[in-house]
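Student: Dropping a structure here in structure tokens format, bear with me for questions.
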Amino acid sequence: MRAFARLLDQLSFTPSRNAKLTLLRDYLSSAPDPERGWALAALTGALRFDAAKPGFIRKAAEARMDPQLFALSYDFVGDLAETVALVWPDRAGANREPDLSEVVDTLRGASRHQVPQLLEGWLDALDAGGRWALLKLLTGGLRVGVSARLAKQALAALGQKPVADIEEVWHGQEPPYDDLFAWLEGRSDRPGSDTPARFRPVMLAQALDEAADFARYDAADYAAEWKWDGIRVQAASEHGQRRLYSRTGEDIAAAFPDIVAALDFEGVLDGELLVFRGGQAAPFGDLQQRLNRKTADPGLLARHPAGIRAYDLLLDGEEDLRHLPFRERRARLEGFVARLRNPRIDLSPLQPFSGWEELTALRANPPKGEPQAAEGLMLKRWDSIYEAGRPKGPWFKWKRDPHLVDAVLMYAQRGHGKRSGFYSDYTFGVWRRDANGDRHLTPVGKAYFGFTDEELKRLDKFVRDHTVERFGPVRSVRAGADFGLVLEIAFEGLQRSSRHKSGVAMRFPRVNRIRWDKPARDADELATLEGLLGSIPGIAPQRRS
Amino acid sequence: MAGFRALLRNTPAGLYCPPGDFYIDPIQPVDRAVITHGHADHARSGHGAVLATPQTLAIMAARYGADFAVASEPAPYGQPVARDGVTVTLVPAGHVLGSAQAVLAWKGITAVVSGDYKRRHDPTCLPFEPVPCQLFVTEATFGLPVFRFPDARDEVARLIKSVALFPDRTHLVGAYALGKAQRIIALLRAAGHARTIYVHGALAAMNALYQTQGVVLGDIAPATGQDRASLPGEIVIAPPSAIADKWSRRFSDPIPAFASGWMQVRARARQRHVELPLVISDHADWDELTGTLTELAPEEVWITHGAEDALLRWSSLNGIKAQALEIAGYADEDD
């Protein structure tokens, strides 16, 4: 438990992804089986206990110490599990410290009313770090920023294998993953590679570099289709097993029972998850309502019906198509989707074009209808096989130019990791008129990348030199009609938002340019952004000077 | 308080002893002062006569210059000094080099003003010496049951392990310039870390003073003046304020660490953007505070500063008469 607790503790303080990977790999290579497997399951959320309620934990602590001293402690620390972990009095003659596997095994075999006694015994035996880890585990919330993706990368590093290999076997595996570790350490063959409806690692596209790639590649070798504004999914249905995966292999089926019900076929589809309204894709914001949920309630399902816009077929019945060229897979896909006759599964149509020039024009001015809401174009080589990862050449994505707005820097906050000494997170605002017609800045978003290291230095200096007020880690920066720094912000889309004071929320905002030259009074007005709301989808990207 | 007030009382300038006519760690300039230790909030400049251990006087001279007081009188540990009718003896407090408890004896009463203290092993100073007394005046910087510090050697082992795990990054350890910094260096040496340890310029004077007092710090070199992305895989010690600010940019992808009792609470570490919190303090933790009161069993306890509420509550539960003095001006946010 001690090593797991220490890992948890370090992960919680480590913002850098690379450093987290190092910590995970170090732990996984030194902890024994099955301890490390349970740890991995706990970190990725595959192992959850809601065995202990906060009320019980509090009572258990108050039974061991003066409630007034406990209250003073809790008041200072602010987190119940942490407080109890710190104040829990040592008991002489406590049992041996349990390891994580022992806790997991015991809890799995225990009835609910046995849990309190077990928990108290373990708290007596553990040190403060161990108690904290145990309480976090038992209350179901580790929250140390380890995604399943990160865990798979750590496993890949441990076994010196491509991440795609881990992704492919992952869904057949159960904690504590003995077979997986045995394979990674070269002690046995690859496990469970024939599990039905397992995840197939996806093929990803490179970003198109117009300047170089048009000269390098022949337009006739490529098919084009629109890049839909949803999320990439893989829908698998084999031998009665139905799964819906995100592009990193997370099973998201629980949030999409409407989709799962529609998978009445044998095969594996690759496509875009969207909210469909009258056969048309709704804006991304509608889909967002349904993401990151453990379940979906009937009202939500009815208001935001989901569907798949298919663009590839990996398995047709039992036949694996991934080694076939895109041209053949595409023909099979068209037949497959047509036979389904399912309103929740439609086909992503190809966009005919004669050459790069015509395609460039289409991207700038998409034809009427759904293409106007697309994020851009996808290019796929007719002769490309379906290859996991992000190979260079067969697939390209070519996004539309972002929307741009000139905003004024209002607040700055210090970053983490490499940027911990720099003010690198910027809140920016645009002008808004009040009832008297006076103009005030109102915050519309936050950006923390898009600038070079050199620019960051200058921005940081600007923030330090022009700080008006400090609120904890946040600095308020001088910003008004006569003085202020204008940031040209690029963003992908705009949504109405009741959570933001301005009423709008940007998607993927970043600093496009720093306008050291532009007077703050000439920055954009909120009305400009609101105008964008009405016309999205379909607005041509605006370049403002 | 009434019974002991003739010997010791709280005034706006700090704790005052009327029969001896002196103050202990006064927060304003006074004619006669007894100083328990060299931290700036306890040892101020501008007093008339100062009585302190020779080490504390050396620290004050290094900080404020030789003229930090009109006159200074060294009182080595254990040697009684008469101040009018009161006998003052300084005994080790275990806090930092030269730190002392002031033991006052007068008309059959013994009162101990502990100053700041800890009860743990520290290779850079003498351990706390318990003195039986009727009145014990204690600090309570970490006077909450949540503060129960781990073994400092385990914390330093974590630092060394992290250096091994991240050999391309500089480990930047925030530590109070007087006491903590030298203790960390000494602990690193005891753990077998033989490499050069780099230090911020603000630590140079105290390091040199500790070395002349016989504390072995090994090979130390200035971190200032190093190039960009310098000192990968090395340990750099700096004042806490420097670890997350401009100064830190010269190092190689630094990992900000902070050695402090406050690091026991996760939110405190996060607020300071600390990635490697090291729970190492030169103050007594909750178990040391309550253990000391139990051991000494004084008739009365006065609490100078810190989190007095919990210690008052504990005292009342344990039948010890206690009260808070609420002396303003003692601050230990960085320790």
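In the structure tokens, each chain is lettered A, B, ... as it comes, each chain's residues begin at 1, and ligands are numbered from 1 in order of appearance.
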Compute the set of chain B residues within 6 Å of chain A, using only C-alpha atoms, and express it as an NGL selection string.

Tutor: :B and (145-146 or 244-246 or 253 or 275 or 310)

Student: Between A:Pro175, A:Gly186, A:Gly503, A:Pro325, which is the closest to Leu158 (chain A) once you count only C-alpha atoms?

Tutor: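 With only C-alpha atoms as the atom set, the closest residue is A:Gly186.
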
Student: Just how far from CA of His42 (chain B) is CA of Gly85 (chain B), in Å to one decimal?

Tutor: 24.4 Å

Student: Show which residues sit within 8 Å of Arg232 (chain A), as JSON, numbers by chain. Count only C-alpha atoms, and ignore same-chain residues fewer than 6 positions away.

Tutor: {"A": [246, 247, 270, 271, 272, 273]}

Student: I need the chosen residues saved as a short mmCIF file (atom, residue, chain, number, x, y, z; two decimals), in the first residue's frame, with C-alpha atoms.

Tutor:
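Below you can see selection26.cif, which holds the result:
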data_model
loop_
_atom_site.label_atom_id
_atom_site.label_comp_id
_atom_site.auth_asym_id
_atom_site.auth_seq_id
_atom_site.Cartn_x
_atom_site.Cartn_y
_atom_site.Cartn_z
CA SER A 246 -13.77 6.47 -28.30
CA ARG A 247 -10.73 6.83 -30.52
CA ASP A 270 -15.50 3.66 -37.91
CA GLY A 271 -17.35 6.95 -37.90
CA GLU A 272 -18.32 10.22 -36.27
CA LEU A 273 -20.62 10.32 -33.27
#
